[in-house]
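Structure file start_8.pdb with PDB, C-alpha atoms:
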ATOM      1  CA  ILE A  16      23.584   8.272  27.075
ATOM      2  CA  GLU A  17      24.300   6.951  23.622
ATOM      3  CA  LYS A  18      23.048   3.438  23.019
ATOM      4  CA  LYS A  19      25.617   1.069  21.463
ATOM      5  CA  LYS A  20      24.637  -0.273  18.042
ATOM      6  CA  TYR A  21      25.646  -3.922  17.862
ATOM      7  CA  THR A  22      26.832  -5.505  14.625
ATOM      8  CA  PHE A  23      26.078  -8.944  13.249
ATOM      9  CA  ILE A  24      29.586 -10.059  14.283
ATOM     10  CA  ASP A  25      28.995  -8.782  17.850
ATOM     11  CA  TYR A  26      25.931 -11.016  18.105
ATOM     12  CA  LEU A  27      27.809 -14.063  16.769
ATOM     13  CA  LYS A  28      30.755 -13.489  19.136
ATOM     14  CA  GLU A  29      28.336 -13.490  22.075
ATOM     15  CA  GLY A  30      26.936 -16.877  21.027
ATOM     16  CA  THR A  31      23.584 -15.511  19.937
ATOM     17  CA  GLN A  32      21.257 -18.024  18.300
ATOM     18  CA  LEU A  33      20.953 -17.345  14.575
ATOM     19  CA  ASN A  34      17.616 -17.810  12.823
ATOM     20  CA  VAL A  35      17.076 -17.768   9.090
ATOM     21  CA  ALA A  36      13.818 -16.842   7.352
ATOM     22  CA  VAL A  37      13.202 -17.081   3.598
ATOM     23  CA  ALA A  38      10.777 -15.070   1.439
ATOM     24  CA  ILE A  39      10.134 -15.967  -2.222
ATOM     25  CA  ASP A  40       8.618 -13.789  -4.948
ATOM     26  CA  PHE A  41       5.382 -15.176  -6.448
ATOM     27  CA  THR A  42       4.564 -12.235  -8.679
ATOM     28  CA  ALA A  43       3.357 -12.846 -12.229
ATOM     29  CA  SER A  44       6.493 -11.202 -13.661
ATOM     30  CA  ASN A  45       8.289 -14.486 -12.923
ATOM     31  CA  GLY A  46       6.215 -16.279 -15.575
ATOM     32  CA  GLU A  47       3.839 -19.204 -15.185
ATOM     33  CA  PRO A  48       5.629 -22.231 -13.657
ATOM     34  CA  LYS A  49       4.343 -24.495 -16.463
ATOM     35  CA  HIS A  50       6.228 -22.484 -19.114
ATOM     36  CA  ALA A  51       9.820 -23.333 -19.978
ATOM     37  CA  ASN A  52      10.985 -19.689 -19.791
ATOM     38  CA  SER A  53       9.515 -19.099 -16.298
ATOM     39  CA  LEU A  54      11.876 -18.314 -13.441
ATOM     40  CA  HIS A  55       9.637 -20.754 -11.504
ATOM     41  CA  ARG A  56       9.576 -23.474 -14.194
ATOM     42  CA  MET A  57       8.684 -26.774 -12.585
ATOM     43  CA  SER A  58      10.702 -29.088 -14.806
ATOM     44  CA  GLY A  59      13.969 -29.111 -16.635
ATOM     45  CA  ASN A  60      17.634 -29.319 -15.992
ATOM     46  CA  PRO A  61      19.261 -27.367 -14.479
ATOM     47  CA  PRO A  62      16.618 -26.567 -11.850
ATOM     48  CA  ASN A  63      14.931 -23.166 -12.062
ATOM     49  CA  GLU A  64      16.740 -20.065 -10.814
ATOM     50  CA  TYR A  65      14.850 -19.847  -7.509
ATOM     51  CA  HIS A  66      15.677 -23.493  -6.771
ATOM     52  CA  GLN A  67      19.315 -22.794  -7.602
ATOM     53  CA  ALA A  68      19.406 -19.721  -5.336
ATOM     54  CA  ILE A  69      17.841 -21.638  -2.438
ATOM     55  CA  SER A  70      20.218 -24.584  -2.964
ATOM     56  CA  THR A  71      23.264 -22.308  -3.110
ATOM     57  CA  ILE A  72      22.607 -19.695  -0.429
ATOM     58  CA  CYS A  73      20.547 -21.508   2.220
ATOM     59  CA  PRO A  74      23.149 -24.173   3.084
ATOM     60  CA  ILE A  75      25.696 -21.435   3.805
ATOM     61  CA  ILE A  76      23.539 -19.342   6.124
ATOM     62  CA  LEU A  77      21.761 -22.345   7.661
ATOM     63  CA  ASN A  78      25.143 -23.622   8.888
ATOM     64  CA  TYR A  79      24.786 -20.971  11.586
ATOM     65  CA  ASP A  80      21.104 -21.592  12.376
ATOM     66  CA  SER A  81      20.952 -23.412  15.705
ATOM     67  CA  ASP A  82      17.760 -25.419  15.241
ATOM     68  CA  GLY A  83      17.395 -25.608  11.439
ATOM     69  CA  ASN A  84      13.768 -24.488  11.593
ATOM     70  CA  VAL A  85      13.133 -21.948   8.827
ATOM     71  CA  PRO A  86      10.018 -19.809   8.396
ATOM     72  CA  VAL A  87       9.308 -19.769   4.638
ATOM     73  CA  TYR A  88       7.073 -17.110   3.143
ATOM     74  CA  GLY A  89       5.832 -16.115  -0.255
ATOM     75  CA  PHE A  90       4.746 -12.701  -1.433
ATOM     76  CA  GLY A  91       2.867 -11.298  -4.414
ATOM     77  CA  GLY A  92       0.727 -14.398  -4.945
ATOM     78  CA  VAL A  93      -2.596 -15.931  -3.984
ATOM     79  CA  PRO A  94      -2.034 -18.729  -1.435
ATOM     80  CA  PRO A  95      -4.253 -21.828  -1.500
ATOM     81  CA  TYR A  96      -5.986 -20.906   1.749
ATOM     82  CA  SER A  97      -7.117 -17.433   0.603
ATOM     83  CA  PRO A  98      -8.931 -15.931  -2.395
ATOM     84  CA  TYR A  99      -6.810 -12.755  -2.194
ATOM     85  CA  VAL A 100      -3.323 -11.659  -3.166
ATOM     86  CA  SER A 101      -1.036 -11.737  -0.160
ATOM     87  CA  HIS A 102       2.300 -10.046   0.326
ATOM     88  CA  CYS A 103       3.224 -12.323   3.222
ATOM     89  CA  PHE A 104       1.945 -15.907   3.267
ATOM     90  CA  THR A 105       3.366 -19.194   4.487
ATOM     91  CA  LEU A 106       4.530 -21.723   1.923
ATOM     92  CA  THR A 107       3.651 -24.664   4.136
ATOM     93  CA  GLY A 108      -0.019 -24.520   3.119
ATOM     94  CA  ASP A 109      -0.930 -23.803   6.743
ATOM     95  CA  PRO A 110      -1.393 -20.095   7.505
ATOM     96  CA  LYS A 111      -0.517 -20.701  11.171
ATOM     97  CA  LYS A 112       2.700 -22.633  10.542
ATOM     98  CA  ALA A 113       5.545 -21.032   8.604
ATOM     99  CA  GLU A 114       8.453 -23.231   9.664
ATOM    100  CA  VAL A 115      10.045 -26.077   7.755
ATOM    101  CA  HIS A 116      13.268 -27.935   8.540
ATOM    102  CA  ARG A 117      16.574 -27.159   6.846
ATOM    103  CA  VAL A 118      17.218 -26.635   3.117
ATOM    104  CA  GLU A 119      15.268 -29.754   2.168
ATOM    105  CA  GLY A 120      12.164 -28.360   3.875
ATOM    106  CA  VAL A 121      12.556 -24.993   2.138
ATOM    107  CA  LEU A 122      12.879 -26.681  -1.259
ATOM    108  CA  GLN A 123       9.939 -29.009  -0.595
ATOM    109  CA  ALA A 124       7.689 -26.112   0.501
ATOM    110  CA  TYR A 125       8.789 -24.084  -2.532
ATOM    111  CA  ARG A 126       8.128 -26.946  -4.998
ATOM    112  CA  GLN A 127       4.733 -27.665  -3.424
ATOM    113  CA  SER A 128       3.767 -23.997  -3.604
ATOM    114  CA  LEU A 129       4.399 -23.952  -7.357
ATOM    115  CA  THR A 130       1.378 -26.221  -7.770
ATOM    116  CA  ASN A 131      -1.029 -24.347  -5.505
ATOM    117  CA  VAL A 132      -0.077 -20.636  -5.380
ATOM    118  CA  ASN A 133      -1.421 -18.388  -8.138
ATOM    119  CA  LEU A 134       1.097 -15.800  -9.281
ATOM    120  CA  SER A 135      -0.093 -12.207  -9.085
ATOM    121  CA  GLY A 136       1.557  -9.018  -7.837
ATOM    122  CA  PRO A 137       2.758  -6.371  -7.328
ATOM    123  CA  THR A 138       6.100  -6.795  -5.553
ATOM    124  CA  PHE A 139       5.809  -5.475  -1.995
ATOM    125  CA  PHE A 140       8.585  -6.117   0.549
ATOM    126  CA  ALA A 141       7.192  -4.145   3.510
ATOM    127  CA  PRO A 142       4.748  -6.875   4.705
ATOM    128  CA  ILE A 143       7.541  -9.500   4.832
ATOM    129  CA  LEU A 144       9.812  -7.062   6.663
ATOM    130  CA  GLN A 145       7.039  -6.184   9.103
ATOM    131  CA  GLU A 146       6.301  -9.861   9.842
ATOM    132  CA  THR A 147       9.976 -10.664  10.392
ATOM    133  CA  SER A 148      10.411  -7.562  12.557
ATOM    134  CA  LYS A 149       7.394  -8.638  14.622
ATOM    135  CA  LEU A 150       8.992 -12.046  15.246
ATOM    136  CA  CYS A 151      12.254 -10.336  16.256
ATOM    137  CA  ARG A 152      10.437  -7.970  18.647
ATOM    138  CA  GLU A 153       8.536 -10.876  20.243
ATOM    139  CA  ALA A 154      11.786 -12.769  20.828
ATOM    140  CA  LYS A 155      13.411  -9.632  22.234
ATOM    141  CA  GLU A 156      10.472  -9.071  24.626
ATOM    142  CA  LYS A 157      10.779 -12.685  25.797
ATOM    143  CA  ARG A 158      14.522 -12.070  26.236
ATOM    144  CA  ILE A 159      15.367 -14.779  23.734
ATOM    145  CA  ASP A 160      18.899 -14.178  22.525
ATOM    146  CA  GLN A 161      18.585 -14.545  18.760
ATOM    147  CA  TYR A 162      19.566 -12.820  15.536
ATOM    148  CA  THR A 163      17.482 -13.236  12.373
ATOM    149  CA  VAL A 164      18.679 -13.207   8.784
ATOM    150  CA  LEU A 165      15.876 -12.677   6.277
ATOM    151  CA  LEU A 166      16.682 -13.912   2.774
ATOM    152  CA  ILE A 167      14.426 -12.368   0.112
ATOM    153  CA  LEU A 168      14.527 -13.918  -3.368
ATOM    154  CA  THR A 169      12.946 -11.738  -6.057
ATOM    155  CA  ASP A 170      12.944 -11.104  -9.783
ATOM    156  CA  GLY A 171      13.088  -7.330  -9.775
ATOM    157  CA  VAL A 172      11.465  -4.019  -9.066
ATOM    158  CA  ILE A 173      10.116  -3.185  -5.594
ATOM    159  CA  ASN A 174       6.725  -1.466  -5.887
ATOM    160  CA  ASP A 175       6.585  -0.234  -2.281
ATOM    161  CA  MET A 176      10.035   1.331  -1.942
ATOM    162  CA  LYS A 177       8.850   4.047   0.496
ATOM    163  CA  GLU A 178       7.074   1.531   2.762
ATOM    164  CA  THR A 179      10.035  -0.854   2.529
ATOM    165  CA  ALA A 180      12.426   1.898   3.604
ATOM    166  CA  GLU A 181      10.090   2.809   6.484
ATOM    167  CA  ALA A 182       9.915  -0.832   7.607
ATOM    168  CA  LEU A 183      13.716  -1.041   7.574
ATOM    169  CA  VAL A 184      14.032   2.181   9.580
ATOM    170  CA  LYS A 185      11.542   0.867  12.176
ATOM    171  CA  ALA A 186      13.629  -2.311  12.471
ATOM    172  CA  TYR A 187      16.940  -0.483  12.974
ATOM    173  CA  ASP A 188      17.279  -1.556  16.614
ATOM    174  CA  LEU A 189      16.388  -5.189  16.036
ATOM    175  CA  PRO A 190      18.846  -8.067  15.686
ATOM    176  CA  LEU A 191      17.934  -8.442  12.009
ATOM    177  CA  SER A 192      19.772  -8.482   8.691
ATOM    178  CA  VAL A 193      18.108  -8.595   5.296
ATOM    179  CA  ILE A 194      19.726 -10.202   2.264
ATOM    180  CA  ILE A 195      18.017  -9.516  -1.060
ATOM    181  CA  VAL A 196      18.996 -11.769  -3.949
ATOM    182  CA  GLY A 197      17.959 -10.876  -7.476
ATOM    183  CA  VAL A 198      16.836 -13.805  -9.617
ATOM    184  CA  GLY A 199      16.737 -13.562 -13.401
ATOM    185  CA  GLN A 200      17.885 -10.795 -15.717
ATOM    186  CA  LYS A 201      15.830  -7.781 -14.557
ATOM    187  CA  ASP A 202      17.215  -4.422 -13.439
ATOM    188  CA  PHE A 203      18.187  -4.638  -9.768
ATOM    189  CA  LYS A 204      19.851  -1.201  -9.391
ATOM    190  CA  GLU A 205      17.142   0.170  -7.045
ATOM    191  CA  MET A 206      17.763  -2.657  -4.608
TER     192      MET A 206
END

Please rewrite the model in this file as structure tokens.
Amino acid sequence: IEKKKYTFIDYLKEGTQLNVAVAIDFTASNGEPKHANSLHRMSGNPPNEYHQAISTICPIILNYDSDGNVPVYGFGGVPPYSPYVSHCFTLTGDPKKAEVHRVEGVLQAYRQSLTNVNLSGPTFFAPILQETSKLCREAKEKRIDQYTVLLILTDGVINDMKETAEALVKAYDLPLSVIIVGVGQKDFKEM
């Protein structure tokens, strides 16, 4: 018996709860936040490109998020609660709590992280995809009717393309969509 593959629209038509998760690139290729030419620059007008992407895209997709609680992750940086580079860390400052509330919470967590996350690298997507897939599987096992949209904001090249592809293949049966938004002027053709 062939199993029906449901689309994003099928889930929405059925009234499925939509959840949004955000992952932000903290690799050194973005430039130090204190420098004016950094994609993460902390001051100036207009706001930096990551801030602009969050402010533009999140309100649109969060319109469909039922509770407004958004897990926010970073990757490619050293979080304040660890001495090591992580490719999936919370931006809340608490490794056990990833969620913030609405766009304002995402922006606040992002701004705060600019002062306490050390940029590093390389750019790996697989750990973020694996964490999001795990959350989707847990909800599915608990029979929670939800669909997750993962928004990844990055400045360029993926250094774990094979692992990323494998993580996407493993997630094929999950109610999950991934949106990758390129920030800056790098070459995004591989994405």

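Under the PyMOL selection byres ((chain A and resi 91-104) around 6), the matching residues in the shown file are Phe41, Thr42, Tyr88, Gly89, Phe90, Thr105, Asn131, Val132, Asn133, Leu134, Ser135, Gly136, Pro137, Thr138, Pro142 and Ile143 of chain A.
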
Mind writing the picked residues with C-alpha atoms as a PDB file, in the frame of the given file?
ATOM      1  CA  PHE A  41       5.382 -15.176  -6.448  1.00  0.00           C
ATOM      2  CA  THR A  42       4.564 -12.235  -8.679  1.00  0.00           C
ATOM      3  CA  TYR A  88       7.073 -17.110   3.143  1.00  0.00           C
ATOM      4  CA  GLY A  89       5.832 -16.115  -0.255  1.00  0.00           C
ATOM      5  CA  PHE A  90       4.746 -12.701  -1.433  1.00  0.00           C
ATOM      6  CA  THR A 105       3.366 -19.194   4.487  1.00  0.00           C
ATOM      7  CA  ASN A 131      -1.029 -24.347  -5.505  1.00  0.00           C
ATOM      8  CA  VAL A 132      -0.077 -20.636  -5.380  1.00  0.00           C
ATOM      9  CA  ASN A 133      -1.421 -18.388  -8.138  1.00  0.00           C
ATOM     10  CA  LEU A 134       1.097 -15.800  -9.281  1.00  0.00           C
ATOM     11  CA  SER A 135      -0.093 -12.207  -9.085  1.00  0.00           C
ATOM     12  CA  GLY A 136       1.557  -9.018  -7.837  1.00  0.00           C
ATOM     13  CA  PRO A 137       2.758  -6.371  -7.328  1.00  0.00           C
ATOM     14  CA  THR A 138       6.100  -6.795  -5.553  1.00  0.00           C
ATOM     15  CA  PRO A 142       4.748  -6.875   4.705  1.00  0.00           C
ATOM     16  CA  ILE A 143       7.541  -9.500   4.832  1.00  0.00           C
TER      17      ILE A 143
END

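Residues in contact with Ser148 in chain A at up to 8 Å, not including ones fewer than 2 positions away on its chain and judged by all atoms listed in the file, are A:Leu144, A:Gln145, A:Glu146, A:Leu150, A:Cys151, A:Arg152, A:Ala186, A:Leu189, A:Leu191.
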
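You can rank A:Phe140, A:Ala36, A:Asn84, A:Cys73 by their closest distance to Asp175 in chain A using only C-alpha atoms, and at the top of that list sits A:Phe140.
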
Run the PyMOL selection byres ((chain A and resi 125) around 10) against the file shown and list the residues it catches, as number ranges by chain.
A: 39, 55, 65-66, 69, 87-89, 106-107, 119-124, 126-130, 132

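For the set A:Val85, A:Ala182, A:Ile167, A:Ile194, the residue with the smallest atom-to-atom gap to Leu33 in chain A is A:Val85, counting only C-alpha atoms.
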
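Residue membership of the PyMOL selection byres ((chain A and resi 21-31) around 12) in the shown file amounts to Lys18, Lys19, Lys20, Gln32, Leu33, Asn34, Tyr79, Asp80, Ser81, Lys155, Arg158, Ile159, Asp160, Gln161, Tyr162, Thr163, Val164, Tyr187, Asp188, Leu189, Pro190, Leu191, Ser192 and Val193 of chain A.
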
Any chance you could work out the axis-aligned box around range 173-178 of chain A, listed atoms only, 3 Å on each side, giving centre and edge lengths in Å to one decimal, as JSON?
{"center_x": 8.4, "center_y": 0.4, "center_z": -1.6, "size_x": 9.5, "size_y": 13.2, "size_z": 14.6}

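Straight-line separation from CA of Leu54 in chain A to CA of His116 in chain A: 24.0 Å.
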
Could you tell me how far CA of Gly83 in chain A lies from CA of Val35 in chain A, in Å and to one decimal?
8.2 Å

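The shortest atom-to-atom distance to Thr179 in chain A, with only C-alpha atoms taken into account, belongs to A:Ala141 out of A:Leu166, A:Ala43, A:Ala141, A:Val198.
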
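Our summary of the geometry notes that CA of Glu47 in chain A is positioned 25.5 Å from CA of Leu165 in chain A.
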
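Among A:Glu64, A:Gln200, A:Val37, A:Ala180, the residue with the shortest atom-to-atom distance to Val115 in chain A, counting all atoms listed in the file, is A:Val37.
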